[in-house]
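So this one's entry_37.tsv, TSV, C-alpha atoms:
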```
chain	number	residue	atom	x	y	z
N	33	MET	CA	77.98	83.93	94.83
N	34	ASN	CA	76.67	84.81	91.37
N	35	VAL	CA	75.94	88.29	90.01
N	36	ARG	CA	72.20	88.04	90.63
N	37	THR	CA	72.63	87.17	94.31
N	38	TYR	CA	75.18	90.00	94.65
N	39	ARG	CA	72.74	92.50	93.12
N	40	ILE	CA	69.92	91.32	95.43
N	41	CYS	CA	72.24	91.68	98.46
N	42	SER	CA	73.28	95.18	97.33
N	43	LEU	CA	69.65	96.22	96.90
N	44	LEU	CA	68.76	94.89	100.37
N	45	VAL	CA	71.70	96.75	101.92
N	46	ILE	CA	70.67	99.99	100.18
N	47	LEU	CA	67.07	99.60	101.42
N	48	ILE	CA	68.22	98.90	105.00
N	49	VAL	CA	70.60	101.90	104.92
N	50	ALA	CA	67.88	104.20	103.56
N	51	GLY	CA	65.43	103.05	106.25
N	52	SER	CA	68.02	103.36	109.04
N	53	LEU	CA	69.12	106.83	107.93
N	54	TYR	CA	65.51	107.99	107.84
N	55	TRP	CA	64.95	106.54	111.31
N	56	ALA	CA	68.22	108.07	112.62
N	57	VAL	CA	67.17	111.52	111.41
N	58	TRP	CA	63.66	110.99	112.80
N	59	ILE	CA	64.89	110.13	116.33
N	60	GLY	CA	67.89	112.49	116.08
N	61	ASN	CA	70.59	109.86	116.69
N	62	PRO	CA	73.75	110.43	114.59
N	63	TYR	CA	75.50	107.29	115.94
N	64	LEU	CA	72.87	105.04	114.38
N	65	ALA	CA	73.55	106.61	110.97
N	66	VAL	CA	77.32	106.15	111.32
N	67	ILE	CA	76.99	102.52	112.53
N	68	THR	CA	74.62	101.72	109.64
N	69	LEU	CA	76.99	103.21	107.06
N	70	VAL	CA	79.96	101.27	108.47
N	71	TRP	CA	77.91	98.05	108.49
N	72	ALA	CA	76.77	98.68	104.87
N	73	ALA	CA	80.32	99.29	103.65
N	74	GLY	CA	81.52	96.11	105.38
N	75	THR	CA	78.65	93.99	104.06
N	76	LEU	CA	79.08	95.23	100.48
N	77	TYR	CA	82.83	94.62	100.67
N	78	PHE	CA	82.23	91.08	101.98
N	79	CYS	CA	79.64	90.32	99.27
N	80	ARG	CA	81.92	91.73	96.55
N	81	ARG	CA	84.78	89.49	97.63
N	82	ARG	CA	82.56	86.41	97.39
N	83	VAL	CA	81.63	87.08	93.76
N	84	HIS	CA	83.86	84.95	91.53
N	85	VAL	CA	82.71	86.24	88.15
N	86	VAL	CA	83.55	89.52	86.43
N	87	ILE	CA	81.00	92.14	87.42
N	88	GLU	CA	82.86	95.22	86.20
N	89	ASP	CA	85.16	95.65	83.21
N	90	GLU	CA	86.51	98.48	81.03
N	91	ARG	CA	83.13	99.06	79.35
N	92	ASN	CA	81.43	99.54	82.73
N	93	VAL	CA	84.20	101.93	83.76
N	94	ARG	CA	83.64	104.02	80.62
N	95	ILE	CA	79.85	103.97	81.15
N	96	ASN	CA	80.35	105.09	84.77
N	97	GLU	CA	82.66	107.91	83.61
N	98	LYS	CA	80.10	109.14	81.09
N	99	ALA	CA	77.22	108.86	83.56
N	100	ALA	CA	79.19	110.71	86.27
N	101	MET	CA	80.13	113.49	83.85
N	102	LYS	CA	76.54	113.87	82.65
N	103	ALA	CA	75.21	113.86	86.23
N	104	LEU	CA	77.76	116.56	87.16
N	105	GLU	CA	76.76	118.72	84.17
N	106	VAL	CA	73.04	118.40	84.89
N	107	PHE	CA	73.46	119.02	88.64
N	108	VAL	CA	75.69	122.08	88.14
N	109	CYS	CA	73.53	123.66	85.41
N	110	GLY	CA	70.26	122.93	87.24
N	111	GLY	CA	71.72	123.94	90.60
N	112	ILE	CA	73.03	127.28	89.33
N	113	ILE	CA	69.63	128.17	87.83
N	114	ALA	CA	67.74	127.02	90.95
N	115	GLY	CA	70.23	128.80	93.24
N	116	VAL	CA	69.95	132.10	91.40
N	117	VAL	CA	66.15	131.89	91.26
N	118	LEU	CA	65.85	130.98	94.98
N	119	SER	CA	68.29	133.72	96.02
N	120	THR	CA	66.64	136.49	94.04
N	121	ILE	CA	62.90	135.90	94.11
N	122	SER	CA	62.47	136.09	97.89
N	123	ASN	CA	63.56	138.49	100.64
N	124	PRO	CA	67.00	138.05	102.34
N	125	GLU	CA	65.63	136.58	105.59
N	126	SER	CA	63.57	133.79	104.05
N	127	ASP	CA	64.50	130.10	104.01
N	128	PHE	CA	64.51	130.11	100.19
N	129	THR	CA	67.43	132.56	100.15
N	130	GLN	CA	69.34	130.34	102.59
N	131	ALA	CA	68.58	127.29	100.45
N	132	GLY	CA	69.80	129.12	97.34
N	133	LEU	CA	73.04	130.13	99.05
N	134	THR	CA	73.60	126.60	100.38
N	135	LEU	CA	73.07	125.24	96.86
N	136	GLY	CA	75.56	127.76	95.50
N	137	ILE	CA	78.17	126.77	98.10
N	138	ALA	CA	77.60	123.07	97.37
N	139	ILE	CA	78.06	123.62	93.62
N	140	THR	CA	81.20	125.71	94.17
N	141	GLY	CA	82.63	122.94	96.38
N	142	LEU	CA	81.78	120.30	93.79
N	143	LEU	CA	83.44	122.25	90.97
N	144	LEU	CA	86.48	122.88	93.16
N	145	LEU	CA	86.77	119.13	93.86
N	146	TYR	CA	86.41	118.44	90.13
N	147	ALA	CA	89.20	120.90	89.32
N	148	ILE	CA	91.49	119.39	91.98
N	149	PHE	CA	90.96	115.81	90.77
N	150	GLN	CA	91.30	116.83	87.13
N	151	THR	CA	94.65	118.52	87.82
N	152	HIS	CA	95.78	115.51	89.84
N	153	TYR	CA	94.94	112.98	87.12
N	154	GLU	CA	96.42	115.21	84.39
N	155	ARG	CA	99.71	115.03	86.29
N	156	VAL	CA	99.51	111.35	87.19
N	157	ARG	CA	98.71	110.23	83.66
N	158	GLU	CA	101.17	112.60	82.02
N	159	ILE	CA	103.00	110.80	79.22
N	160	PRO	CA	106.73	111.56	79.17
N	161	ASP	CA	107.94	113.09	75.91
N	162	GLU	CA	110.26	110.72	74.05
N	163	LYS	CA	112.23	113.60	72.55
Q	177	MET	CA	84.60	100.08	64.20
Q	178	LYS	CA	83.79	96.97	62.17
Q	179	ASN	CA	85.08	93.68	63.53
Q	180	ARG	CA	85.05	89.92	62.92
Q	181	VAL	CA	84.79	88.81	66.55
Q	182	ARG	CA	81.55	86.93	65.91
Q	183	VAL	CA	83.14	85.06	62.96
Q	184	TYR	CA	86.22	84.10	64.97
Q	185	ARG	CA	84.07	83.09	67.94
Q	186	ALA	CA	82.03	80.81	65.65
Q	187	MET	CA	85.24	79.34	64.19
Q	188	TYR	CA	86.40	78.38	67.67
Q	189	ASN	CA	82.88	77.26	68.65
Q	190	LEU	CA	82.73	79.50	71.71
Q	191	THR	CA	79.70	81.07	73.35
Q	192	GLN	CA	79.72	84.77	74.30
Q	193	GLU	CA	79.87	83.69	77.95
Q	194	GLU	CA	82.93	81.47	77.34
Q	195	LEU	CA	84.75	84.15	75.35
Q	196	ALA	CA	83.99	86.70	78.08
Q	197	HIS	CA	85.37	84.29	80.68
Q	198	HIS	CA	88.61	83.78	78.68
Q	199	LEU	CA	89.07	87.55	78.31
Q	200	GLY	CA	88.04	88.50	81.85
Q	201	VAL	CA	85.17	90.75	80.78
Q	202	THR	CA	81.38	90.55	81.03
Q	203	ARG	CA	79.16	88.86	78.42
Q	204	GLN	CA	77.52	92.25	77.79
Q	205	THR	CA	80.88	93.64	76.65
Q	206	ILE	CA	81.31	90.83	74.10
Q	207	PHE	CA	77.74	91.42	72.90
Q	208	ALA	CA	78.42	95.18	72.54
Q	209	ILE	CA	81.68	94.55	70.63
Q	210	GLU	CA	79.99	92.11	68.24
Q	211	LYS	CA	77.13	94.55	67.66
Q	212	GLU	CA	79.77	97.25	66.97
Q	213	GLN	CA	78.30	99.40	69.71
Q	214	TYR	CA	81.54	99.47	71.68
Q	215	ASP	CA	85.17	99.76	70.55
Q	216	PRO	CA	87.42	97.84	72.95
Q	217	SER	CA	90.60	99.34	74.38
Q	218	LEU	CA	93.91	98.54	72.73
Q	219	GLU	CA	94.64	96.09	75.56
Q	220	LEU	CA	91.37	94.18	75.14
Q	221	ALA	CA	91.68	94.20	71.33
Q	222	SER	CA	95.20	92.77	71.69
Q	223	ARG	CA	93.94	90.09	74.07
Q	224	ILE	CA	91.17	89.13	71.63
Q	225	ALA	CA	93.68	88.92	68.77
Q	226	GLN	CA	96.07	86.89	70.93
Q	227	LEU	CA	93.30	84.50	71.98
Q	228	PHE	CA	92.30	83.84	68.36
Q	229	GLY	CA	95.93	83.64	67.25
Q	230	GLY	CA	95.60	86.48	64.74
Q	231	LYS	CA	96.57	90.10	64.29
Q	232	ILE	CA	94.48	93.03	65.54
Q	233	GLU	CA	94.01	94.29	61.96
Q	234	ASP	CA	92.61	90.88	60.92
Q	235	ILE	CA	89.84	91.15	63.54
Q	236	PHE	CA	89.23	94.91	63.80
Q	237	ILE	CA	88.80	96.92	60.60
Q	238	LEU	CA	89.28	100.69	60.49
Q	239	PRO	CA	86.32	102.51	58.86
Q	240	SER	CA	88.65	104.58	56.65
Q	241	MET	CA	92.13	103.73	55.49
Q	242	VAL	CA	95.00	105.92	56.65
Q	243	THR	CA	97.57	106.74	53.96
Q	244	PRO	CA	100.96	105.49	55.18
Q	245	LEU	CA	103.70	108.09	55.57
Q	246	PRO	CA	106.50	108.08	52.97
Q	247	PRO	CA	109.78	106.47	54.13
Q	248	SER	CA	111.91	108.69	56.35
Q	249	GLU	CA	115.34	109.97	55.27
Q	250	GLN	CA	116.92	107.56	57.73
Q	251	ASP	CA	115.19	104.59	56.05
Q	252	ILE	CA	116.25	105.82	52.58
Q	253	ARG	CA	119.89	106.10	53.77
Q	254	LYS	CA	119.71	102.59	55.25
Q	255	ALA	CA	118.33	101.24	51.97
Q	256	GLU	CA	121.10	102.99	49.98
Q	257	LYS	CA	123.78	101.34	52.16
```
In structure tokens, how does this file's structure come out?
Amino acid sequence: MNVRTYRICSLLVILIVAGSLYWAVWIGNPYLAVITLVWAAGTLYFCRRRVHVVIEDERNVRINEKAAMKALEVFVCGGIIAGVVLSTISNPESDFTQAGLTLGIAITGLLLLYAIFQTHYERVREIPDEK
Amino acid sequence: MKNRVRVYRAMYNLTQEELAHHLGVTRQTIFAIEKEQYDPSLELASRIAQLFGGKIEDIFILPSMVTPLPPSEQDIRKAEK
């Protein structure tokens, strides 16, 4: 399988997963969502194993790192502003307040995960002192 | 960082695709290195130098020269002996 075929397969899988998740939420069936996600992971793994050319190297890894960091920064900054605005502009019983609080909890969880992984990788990649 | 990857690739009559295949990277990475848009890791730079049978400093050129440190006391003592 070449890279182009792999990308087409990945796109098809993503479209099928998106459609199935929407349908699962619509009919209220959580099992359908779980089965679809398991199928998607299996299909992508199978397709990836059949690709015999390099599709990811050190440059892609660095690009992914930068993109992930930028996405995290934008999400956290935007989320904090949106959370504060949603929590303060409306009364305590409204849905907006709940949405603001949920956003705040999600951002706190994300930053906590970031701190945990950062500490972990700092320790794993620690270079022993020669002296 | 400036480099002579394109020159060496032409000397060995390789395409970007072939060089990428030898090094185990994508063609886009070779293109980015040749355009000086991406500085490869020490490992990849070493592999490129090894493939072309040269030294890293022959292929990759530092933008500014670093002044070498003066010889250490240990080296001076060794030279005196």
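We find CA of Val183 (chain Q) and CA of Phe228 (chain Q) to be spaced 10.7 Å apart.
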Could you write out as a compact mmCIF listing (two decimals) with C-alpha atoms, in the frame of the given file the residues of chain N within 8 Å of chain Q, counting only C-alpha atoms?
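Once written, selection_7.txt looks like this:
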```txt
# COMPACT_ATOMS: atom_id res chain seq x y z
CA VAL N 86 83.55 89.52 86.43
CA ILE N 87 81.00 92.14 87.42
CA GLU N 88 82.86 95.22 86.20
CA ASP N 89 85.16 95.65 83.21
CA GLU N 90 86.51 98.48 81.03
CA ARG N 91 83.13 99.06 79.35
```
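Around Ala65 (chain N), within 10 Å and counting only C-alpha atoms, the residues found are Val49, Ala50, Ser52, Leu53, Tyr54, Trp55, Ala56, Val57, Gly60, Asn61, Pro62, Thr68, Leu69, Val70 and Trp71 of chain N, once anything fewer than 3 positions away on its own chain is removed.
Note that the spacing between CA of Cys41 (chain N) and CA of Tyr77 (chain N) amounts to 11.2 Å.
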Task: Residues near region 233-250 of chain Q, cut-off 9 Å, all atoms listed in the file, skip fewer than 5 positions along chain, as a list in words - done: Met177, Lys178, Asn179, Arg180, Val181, Tyr184, Ala221, Ile224, Ala225 and Ala255 of chain Q
Given the selection you just returned, output its residues as a file containing C-alpha atoms, formatted as an mmCIF file, in the frame of the given file.
```cif
data_model
loop_
_atom_site.group_PDB
_atom_site.id
_atom_site.type_symbol
_atom_site.label_atom_id
_atom_site.label_comp_id
_atom_site.auth_asym_id
_atom_site.auth_seq_id
_atom_site.Cartn_x
_atom_site.Cartn_y
_atom_site.Cartn_z
ATOM 1 C CA MET Q 177 84.600 100.080 64.200
ATOM 2 C CA LYS Q 178 83.790 96.970 62.170
ATOM 3 C CA ASN Q 179 85.080 93.680 63.530
ATOM 4 C CA ARG Q 180 85.050 89.920 62.920
ATOM 5 C CA VAL Q 181 84.790 88.810 66.550
ATOM 6 C CA TYR Q 184 86.220 84.100 64.970
ATOM 7 C CA ALA Q 221 91.680 94.200 71.330
ATOM 8 C CA ILE Q 224 91.170 89.130 71.630
ATOM 9 C CA ALA Q 225 93.680 88.920 68.770
ATOM 10 C CA ALA Q 255 118.330 101.240 51.970
#
```
Please, could N, CA and C atoms be added to region 237-250 of chain Q and the result written as an mmCIF file, keeping the file's coordinate frame?
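File written: result-v2.cif
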```
data_model
loop_
_atom_site.group_PDB
_atom_site.id
_atom_site.type_symbol
_atom_site.label_atom_id
_atom_site.label_comp_id
_atom_site.auth_asym_id
_atom_site.auth_seq_id
_atom_site.Cartn_x
_atom_site.Cartn_y
_atom_site.Cartn_z
ATOM 1 N N ILE Q 237 88.580 96.239 61.880
ATOM 2 C CA ILE Q 237 88.800 96.920 60.600
ATOM 3 C C ILE Q 237 88.501 98.410 60.763
ATOM 4 N N LEU Q 238 89.478 99.242 60.415
ATOM 5 C CA LEU Q 238 89.280 100.690 60.490
ATOM 6 C C LEU Q 238 88.241 101.131 59.464
ATOM 7 N N PRO Q 239 87.340 102.076 59.816
ATOM 8 C CA PRO Q 239 86.320 102.510 58.860
ATOM 9 C C PRO Q 239 86.922 103.211 57.636
ATOM 10 N N SER Q 240 88.015 103.949 57.802
ATOM 11 C CA SER Q 240 88.650 104.580 56.650
ATOM 12 C C SER Q 240 90.149 104.308 56.699
ATOM 13 N N MET Q 241 90.710 104.061 55.531
ATOM 14 C CA MET Q 241 92.130 103.730 55.490
ATOM 15 C C MET Q 241 92.983 104.979 55.709
ATOM 16 N N VAL Q 242 94.069 104.811 56.428
ATOM 17 C CA VAL Q 242 95.000 105.920 56.650
ATOM 18 C C VAL Q 242 96.152 105.746 55.670
ATOM 19 N N THR Q 243 96.471 106.823 54.929
ATOM 20 C CA THR Q 243 97.570 106.740 53.960
ATOM 21 C C THR Q 243 98.899 106.652 54.714
ATOM 22 N N PRO Q 244 99.690 105.597 54.444
ATOM 23 C CA PRO Q 244 100.960 105.490 55.180
ATOM 24 C C PRO Q 244 101.923 106.619 54.824
ATOM 25 N N LEU Q 245 102.729 107.016 55.791
ATOM 26 C CA LEU Q 245 103.700 108.090 55.570
ATOM 27 C C LEU Q 245 104.786 107.599 54.612
ATOM 28 N N PRO Q 246 105.383 108.500 53.821
ATOM 29 C CA PRO Q 246 106.500 108.080 52.970
ATOM 30 C C PRO Q 246 107.695 107.692 53.828
ATOM 31 N N PRO Q 247 108.629 106.870 53.308
ATOM 32 C CA PRO Q 247 109.780 106.470 54.130
ATOM 33 C C PRO Q 247 110.603 107.658 54.585
ATOM 34 N N SER Q 248 111.115 107.579 55.808
ATOM 35 C CA SER Q 248 111.910 108.690 56.350
ATOM 36 C C SER Q 248 113.290 108.712 55.692
ATOM 37 N N GLU Q 249 113.995 109.832 55.866
ATOM 38 C CA GLU Q 249 115.340 109.970 55.270
ATOM 39 C C GLU Q 249 116.277 108.887 55.812
ATOM 40 N N GLN Q 250 116.087 108.583 57.079
ATOM 41 C CA GLN Q 250 116.920 107.560 57.730
ATOM 42 C C GLN Q 250 116.741 106.199 57.030
#
```
